[in-house]
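Please read the structure below before turning to the comments.
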Amino acid sequence: MIPAAFEYHPATSVDEAIALLSQYGDDAKLLAGGHSLIPTMKLRLAQPAHLIDIGRIPGLSYIREEPGVVAVGALTTYATIERSEVLRRHFALLPECASVIGDPQVRNRGTIGGSISHADPSADMPGAVRALKAEIRVRGPQGERSIAADDFFLGTFTTALEPGEMVTEIRFPLPPERTGSAYMKLANKASHYAVAGCAAVVTLGADGTCTAASVVITGAGTLPTRAAAVEAALLGKKLDEATVAEAASHAAEGLELMEDIHGSKQYRAQMACVMARRAILKAAERAQG
Amino acid sequence: MGIAALVGTPIKRREDPRLITGQATYVDDIKLPGMLYMAVLRSPYGHARIRSINTEAAKQAPGVVAVYTAQDLKGVVGNIPVAAPLPPHITNGMGRRGPLAEGKVRFYGDPVAVVIAESRYGARDALDLIEVDYEPLPAVVDPEKAAQPDAPLLYEEFGTNVAASVRPPTDEIDRVFAETQANGGIVVKQRMVNQRLAPSPMETRGVVAEFRKADRTLTIWSSSQIPHLLRNYLAEQLGLPQHQVRVIVPEVGGGFGCKLNIYPEEALVAFAAMKTGRPVKWIEDRSENLAVTIHGRDQIDYVEVAATREGKITGLKVHVVSDLGAYLQFFTDVIAIAFTLPMICGCYDIPVAYGSCDIVFTNKAPTDAYRGAGRPEAAYLVERAVDLVAHALGKDPAEVRMINFVKPEQFPHKMATGTVYDSGNYQAALEKAMQLIGYQQLRAEQAQKRAQGKLMGIGLSSYVEICGIGPKGLTPFGLYESARVRVDQSGDVLIYTGASPHGQGEETTFAQIAADEFGIPIERVLVIHGDTDSTPEGRGTYGSRTTAVGGTAVYNAVQKLKEKMKQIAAHMLEASPADVTLEDGKFSVAGAPQKAVTFAEVAAAANFSNTLPPGIEPGLETTVFFEPEACTFPFGTHICVVEIDKDTGEVHLTRYVAVDDCGRQLNPLLVAGQIHGGIVQGVGQALFEGVVYDENGQLLTSTFMDYAMPLASELPPFELDHTVTPTPYNPLGVKGVGEAGTIAATPAVAGAVADALGLPHVDMPFTPERIWRIIQQQQAPSQPQA
């Protein structure tokens, strides 16, 4: 558990980090909280020749209310997200998700930008970011652009980031009235990553029927996956237990299921449905206020 | 009683301040000038032939000082020591190995070569430059398959993987089973898997060696439970006289049995230090620890139990398949034979018991003593057997236990296995635990929850185990313990113990014993351990033996010094020694309390020969060895409650009550600490842990991302109580408590899970998917009856 040799570059600004990233290309990795990267380096599964530490760049850790949006800096730690009153008020799902990542030590170091850039299929945060339909601000040699969360995750450890780009901010659009959200997961008892997890956001109309639903499954499949069939089955309906259970039973549709000693494909598929049901019911309960 | 009256008091551990403030010294804190670092190249295969090894490139790497393979050790370093080989069962040489693999590798992680380099990083980097040409061979990881005639062979020359097969005649047990059935009784059978576990101490292993060529003395710092045994065996391995080897055991961050062993790395580091003339350090990393440090358990037990309709057990038949892994370590071969089979009757007066055993080599890491060492397996199978009887008869498991317990008046009691238990009151512990948890109420609550479709289960475990080893004959070498006690001129007391506490707290308990007996404050007593140059020969700390055996040695040494001090005091007081008493740190004459000298005055007098009575040697120092005449048998009952999430299969432990009887408690705080930690490890086996290999012998649980350790967040508060039944076999009346929690907890949780599911038995670990599958089966529409 000793990493291979690497050169360490502490970046002092985003521009410097991007310049270094452009210079070293595939030989370089960005280091934020380090709680995914360093373990894989210690096992020599990753052997980057250059480590660009962005953890010291000032001004990338914040939670800011803007008109219609809450903007979260890429270096904001899970612990900060977990304790944020602003986030709790608008998106219960986000602090809830942060609170079940790893343990306090991990949450004190791990960052939201690091998690989504790493795109571990078992991680919690990518599912939450996708369910909340966030906009991901990235910067690269060509300047700044935004990527919709739905377009960001391409596969296991693969994102829409181009070479030389890094995530700078995650922008969460404020939800309409009578919206509730929740995150539920079945944790792998060793790593506490998700065997299956579900991030759900529902909006209810004045008559109590579901007017919008965003349901994303994480852990079970090879990437955080939108459960479109579940969403369709919720729309226009009152979210009683039976309706939600029926809708949630479609949660594994379209998943490219993973399998390991902590869960077979069959089990993960079923747990995706269970977690979807629980998350949607909780979200609906919160939507009712 | 002295003023202190410390024995029986829950005082805080004296070792804790240095541990919790980071001032303690562990092996990795040892830094010597010119020190080199060792890294070990290990087999990536479960089973393979080594065609060739090319170390040239590694030797040329920057900072590399040496690279060694088995060729370099030939004729210089002896085999890894086995403490208790079992002739004639174990064919001579089977399972023995040198520190580095020769010709073949037999498990994932088998050491093949070492690099010695100027830095730890450089040593690790150079491993990648060693070229090993392997010819992969078919592996066998299932001990029952390994015992088959067509199985791949680990040791071809022996024609079998079965190291020993113990099969006594079955006539008597067969008769009992037939009779029981003829009389309307039942016979219940169950195969049980006691899965493989990784001990996982917080501190991994580590060794530092320094060799002084001028006088050929070797100093070893090792994270070990057995400094003296390590010195003796290592000296033999290296061909050095024992007095030229010194072993220092600094602070140890947990052992749980896995450091009761001598591994390849001790000899390798020593060899490298002797060859290079420079100190060498090796610190095991976590993945190495999970792969190559001994594993525990890994037994398959076939249990058959016969009982009358009333629930009285008439016979128990057990066949144990013990998975040894690829090689013999210290006690690998005797865990099942010496510690499981003698304890299969548990707390129960079973008239006829039968035990047979196959011990089998497989392409996995060696197994050995892990917290409980063979006794948890016995407790598990017999507790499950009692529950099977209860389940089959529709009786409450508490009632079946009560019916079958050995009664208090029967002690000392010879069990059907031949094991003689010292003392006990099993009924009292069970009753106390039932009262503490509100057993009848719980059963009512369970019925209510069942009616609502909820899965709640209650599990009981009435365990008994062997501690305080050991008497003559139990092991090939006898397991005494020693103490050297010195009262210095100022009246301060130094206790040098041969035992090697590493977290158990004997720096506190041994001091309590001496302080009370001398009637002085505990601050005046210092306990020293873990250095073979300063402490008398000892056998180490394991098997819950240190207080019962080592504590008694301290007690006896103190008595001897007290007698001598009385003689000196009598001379000073011009009285007869028979009239002198020691109380509150003062020697006084019976009937004339004003005629007194202090403990310190006598200590000073003892060191000035002018003041000594004739015929008395100066100085106050004595060394005492204590070998108990028999083992002790602590016991108790644990009861726990689980609730199962039907949708996910997750098992939630909601309550846990433990009533333990470890004899007299010297320090209830330390007893509670041992019970707490023990329960967590026992629950860990039941709910979370399991070493998993694939069929090729690849280890799938090589990091904590895959090997699930129990966490505080998954556990309820533990509710503890105790009973006190002293042992007659040592003057302190103490039995031992280091392993009790672990032994008790596993069957308690297993009982609760089976109870929740309404099944006779479920195999561990109770991982969510396993339980979910069972629930799915139970909910599936039942097949039409044929």
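Convention: chains lettered A, B, ... in structure tokens order; per-chain residue numbering from 1; ligands numbered from 1 as shown.
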- Message: So that I can see what lies close to Val201 of chain A, please list as a list in words the residues with an atom at most 10 Å from it, counting only C-alpha atoms and leaving out residues fewer than 3 positions away in the same chain.
- Response: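 Contacts, with the query itself left out: Phe91, Ala92, Leu93, Ala128, Ala131, Leu132, Lys133, Pro175, Thr179, Gly180, Ser181, Ala182, Tyr183, Cys198, Ala212, Ala213, Ser214, Val215, Val216, Glu231, Ala279, Ile280, Lys282, Ala283, Ala284, Arg286 and Ala287 of chain A.
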- Using only C-alpha atoms, determine which residues of chain B fall within 9 Å of chain A; present them as number ranges by chain. B: 120-121, 124-125, 285-288, 647-648, 650, 688-689, 692, 700-701, 704-710, 767-769, 772-773
Okay, now the selection with C-alpha atoms, as a PDB file, in the first residue's frame?
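Resulting contents of result.pdb:
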ATOM      1  CA  ARG B 120      10.512   1.900   2.151  1.00  0.00           C
ATOM      2  CA  TYR B 121       9.392   3.396  -1.163  1.00  0.00           C
ATOM      3  CA  ARG B 124       8.464  -1.385  -2.812  1.00  0.00           C
ATOM      4  CA  ASP B 125       9.316   0.028  -6.256  1.00  0.00           C
ATOM      5  CA  ASP B 285       0.640  -3.023   5.186  1.00  0.00           C
ATOM      6  CA  ARG B 286      -3.090  -3.601   5.564  1.00  0.00           C
ATOM      7  CA  SER B 287      -3.458  -5.635   2.387  1.00  0.00           C
ATOM      8  CA  GLU B 288      -0.587  -7.879   3.446  1.00  0.00           C
ATOM      9  CA  ASP B 647     -37.117  -5.754   2.117  1.00  0.00           C
ATOM     10  CA  THR B 648     -33.337  -5.659   2.263  1.00  0.00           C
ATOM     11  CA  GLU B 650     -30.442  -6.301   6.825  1.00  0.00           C
ATOM     12  CA  PHE B 688     -20.300  -8.766   8.818  1.00  0.00           C
ATOM     13  CA  GLU B 689     -16.978 -10.525   8.472  1.00  0.00           C
ATOM     14  CA  VAL B 692     -13.527 -14.793   0.645  1.00  0.00           C
ATOM     15  CA  LEU B 700     -11.456 -11.128  -2.836  1.00  0.00           C
ATOM     16  CA  THR B 701     -11.320  -9.427   0.577  1.00  0.00           C
ATOM     17  CA  PHE B 704     -11.312  -2.943   4.211  1.00  0.00           C
ATOM     18  CA  MET B 705     -13.357  -1.869   1.194  1.00  0.00           C
ATOM     19  CA  ASP B 706     -14.377  -5.528   0.946  1.00  0.00           C
ATOM     20  CA  TYR B 707     -13.671  -7.042   4.370  1.00  0.00           C
ATOM     21  CA  ALA B 708     -16.422  -5.684   6.594  1.00  0.00           C
ATOM     22  CA  MET B 709     -15.380  -4.799  10.141  1.00  0.00           C
ATOM     23  CA  PRO B 710     -18.049  -4.135  12.756  1.00  0.00           C
ATOM     24  CA  THR B 767     -25.172 -10.502   5.148  1.00  0.00           C
ATOM     25  CA  PRO B 768     -28.160  -8.680   3.701  1.00  0.00           C
ATOM     26  CA  GLU B 769     -28.295 -10.622   0.443  1.00  0.00           C
ATOM     27  CA  TRP B 772     -32.922 -11.531   1.679  1.00  0.00           C
ATOM     28  CA  ARG B 773     -32.670 -14.741  -0.370  1.00  0.00           C
TER      29      ARG B 773
END
- Query: What lies within 9 Å of Leu460 of chain B using only C-alpha atoms, ignoring chain neighbours under 6 positions off, as a PyMOL selection string?
  - Reply: chain B and resi 383+387+397-398+430+637-640+744-745+747-752
Residues from last step as file, C-alpha atoms, as a PDB file, in the first residue's frame:
ATOM      1  CA  GLU B 383     -25.317 -23.622  21.298  1.00  0.00           C
ATOM      2  CA  ASP B 387     -31.368 -24.406  19.702  1.00  0.00           C
ATOM      3  CA  PRO B 397     -34.396 -22.463  24.056  1.00  0.00           C
ATOM      4  CA  ALA B 398     -33.980 -21.187  27.632  1.00  0.00           C
ATOM      5  CA  LEU B 430     -28.895 -17.616  32.493  1.00  0.00           C
ATOM      6  CA  THR B 637     -25.090 -16.188  29.208  1.00  0.00           C
ATOM      7  CA  HIS B 638     -25.577 -13.550  26.545  1.00  0.00           C
ATOM      8  CA  ILE B 639     -28.994 -12.712  25.138  1.00  0.00           C
ATOM      9  CA  CYS B 640     -29.612 -10.472  22.173  1.00  0.00           C
ATOM     10  CA  ALA B 744     -20.522 -15.868  23.545  1.00  0.00           C
ATOM     11  CA  ALA B 745     -21.662 -13.304  21.026  1.00  0.00           C
ATOM     12  CA  PRO B 747     -23.997 -18.012  18.736  1.00  0.00           C
ATOM     13  CA  ALA B 748     -26.266 -15.490  20.476  1.00  0.00           C
ATOM     14  CA  VAL B 749     -26.663 -13.493  17.267  1.00  0.00           C
ATOM     15  CA  ALA B 750     -26.957 -16.680  15.188  1.00  0.00           C
ATOM     16  CA  GLY B 751     -29.713 -17.900  17.478  1.00  0.00           C
ATOM     17  CA  ALA B 752     -31.549 -14.608  17.198  1.00  0.00           C
TER      18      ALA B 752
END
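With atom CA of Leu37 of chain A on one side and atom CA of Ala79 of chain A on the other, the separation reads 18.7 Å.
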- Please identify which residues in segment 341-567 of chain B DSSP calls strand (DSSP E) from the backbone, and express them as a VMD selection string. chain B and resid 352 to 361 413 to 414 420 to 421 455 to 464 481 to 487 493 to 497 525 to 528
- Residue list (alpha helix (DSSP H), DSSP) for segment 315-443 of chain B, as a PyMOL selection string: chain B and resi 375-393+397-404+426-437+439-443
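Coordinates place atom CA of Ser462 of chain B at a distance of 17.1 Å from atom CA of Val305 of chain B.
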- Which neighbours of Val129 of chain A fall inside 10 Å, counting only C-alpha atoms, when residues of the same chain fewer than 3 positions from it are skipped, and could you give them as an NGL selection string? :A and (93-94 or 97 or 112 or 116 or 124-126 or 132-136 or 148-150 or 170-172 or 199 or 216 or 224)
- Selection near Glu563 of chain B, 10 Å with only C-alpha atoms, sequence-local residues under 4 positions removed, as an MDAnalysis selection string: chainID B and resid 558:559 567:569 577:578 580:582
Could you write out the selected residues, including N, CA and C atoms, as an mmCIF file, in the first residue's frame?
data_model
loop_
_atom_site.group_PDB
_atom_site.id
_atom_site.type_symbol
_atom_site.label_atom_id
_atom_site.label_comp_id
_atom_site.auth_asym_id
_atom_site.auth_seq_id
_atom_site.Cartn_x
_atom_site.Cartn_y
_atom_site.Cartn_z
ATOM 1 N N VAL B 558 5.124 -12.015 45.592
ATOM 2 C CA VAL B 558 4.878 -11.013 46.638
ATOM 3 C C VAL B 558 4.793 -11.693 48.006
ATOM 4 N N GLN B 559 4.139 -12.854 48.051
ATOM 5 C CA GLN B 559 4.049 -13.573 49.331
ATOM 6 C C GLN B 559 5.437 -13.929 49.861
ATOM 7 N N GLN B 567 10.466 -11.271 58.477
ATOM 8 C CA GLN B 567 11.622 -11.708 59.270
ATOM 9 C C GLN B 567 12.515 -10.519 59.598
ATOM 10 N N ILE B 568 12.717 -9.655 58.596
ATOM 11 C CA ILE B 568 13.560 -8.479 58.828
ATOM 12 C C ILE B 568 12.887 -7.532 59.826
ATOM 13 N N ALA B 569 11.582 -7.346 59.631
ATOM 14 C CA ALA B 569 10.834 -6.459 60.540
ATOM 15 C C ALA B 569 10.874 -7.002 61.967
ATOM 16 N N PRO B 577 9.057 -13.500 64.180
ATOM 17 C CA PRO B 577 8.409 -13.309 62.871
ATOM 18 C C PRO B 577 6.956 -13.774 62.885
ATOM 19 N N ALA B 578 6.641 -14.775 63.645
ATOM 20 C CA ALA B 578 5.275 -15.301 63.684
ATOM 21 C C ALA B 578 4.305 -14.268 64.241
ATOM 22 N N VAL B 580 4.582 -10.987 63.710
ATOM 23 C CA VAL B 580 4.589 -9.746 62.914
ATOM 24 C C VAL B 580 3.526 -9.807 61.823
ATOM 25 N N THR B 581 2.761 -8.721 61.713
ATOM 26 C CA THR B 581 1.764 -8.641 60.643
ATOM 27 C C THR B 581 2.055 -7.407 59.794
ATOM 28 N N LEU B 582 1.630 -7.486 58.515
ATOM 29 C CA LEU B 582 1.784 -6.348 57.601
ATOM 30 C C LEU B 582 0.392 -5.807 57.281
#
- Message: Applying 6 Å and only C-alpha atoms, which residues near segment 232-244 of chain A remain after dropping the ones on its own chain fewer than 3 positions away? List them as a count of residues only.
- Response: 8
Can you pull out every residue within 10 Å of Glu144 of chain A, counting only C-alpha atoms, but drop anything in the same chain fewer than 4 positions away, and send it as an mmCIF file with N, CA and C atoms, in the first residue's frame?
data_model
loop_
_atom_site.group_PDB
_atom_site.id
_atom_site.type_symbol
_atom_site.label_atom_id
_atom_site.label_comp_id
_atom_site.auth_asym_id
_atom_site.auth_seq_id
_atom_site.Cartn_x
_atom_site.Cartn_y
_atom_site.Cartn_z
ATOM 1 N N ARG A 137 -20.472 23.513 -13.690
ATOM 2 C CA ARG A 137 -19.600 24.505 -14.324
ATOM 3 C C ARG A 137 -18.190 23.935 -14.372
ATOM 4 N N VAL A 138 -17.597 23.972 -15.551
ATOM 5 C CA VAL A 138 -16.233 23.473 -15.675
ATOM 6 C C VAL A 138 -15.377 24.523 -16.373
ATOM 7 N N ARG A 139 -14.063 24.472 -16.098
ATOM 8 C CA ARG A 139 -13.149 25.363 -16.785
ATOM 9 C C ARG A 139 -12.013 24.565 -17.387
ATOM 10 N N GLY A 140 -11.613 25.005 -18.581
ATOM 11 C CA GLY A 140 -10.518 24.319 -19.250
ATOM 12 C C GLY A 140 -9.722 25.307 -20.059
ATOM 13 N N GLU A 165 -9.814 19.974 -18.425
ATOM 14 C CA GLU A 165 -10.932 20.650 -17.749
ATOM 15 C C GLU A 165 -11.062 20.200 -16.300
ATOM 16 N N MET A 166 -11.535 21.116 -15.491
ATOM 17 C CA MET A 166 -11.874 20.746 -14.106
ATOM 18 C C MET A 166 -13.200 21.383 -13.688
ATOM 19 N N VAL A 167 -13.867 20.714 -12.775
ATOM 20 C CA VAL A 167 -15.143 21.202 -12.242
ATOM 21 C C VAL A 167 -14.855 22.349 -11.282
ATOM 22 N N THR A 168 -15.602 23.449 -11.412
ATOM 23 C CA THR A 168 -15.394 24.558 -10.479
ATOM 24 C C THR A 168 -16.606 24.804 -9.580
#
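For the choices A:Gln288, A:Thr203, A:Gln23, A:Ser122, the atom-to-atom distance to Leu223 of chain A is smallest for A:Ser122 when using only C-alpha atoms.
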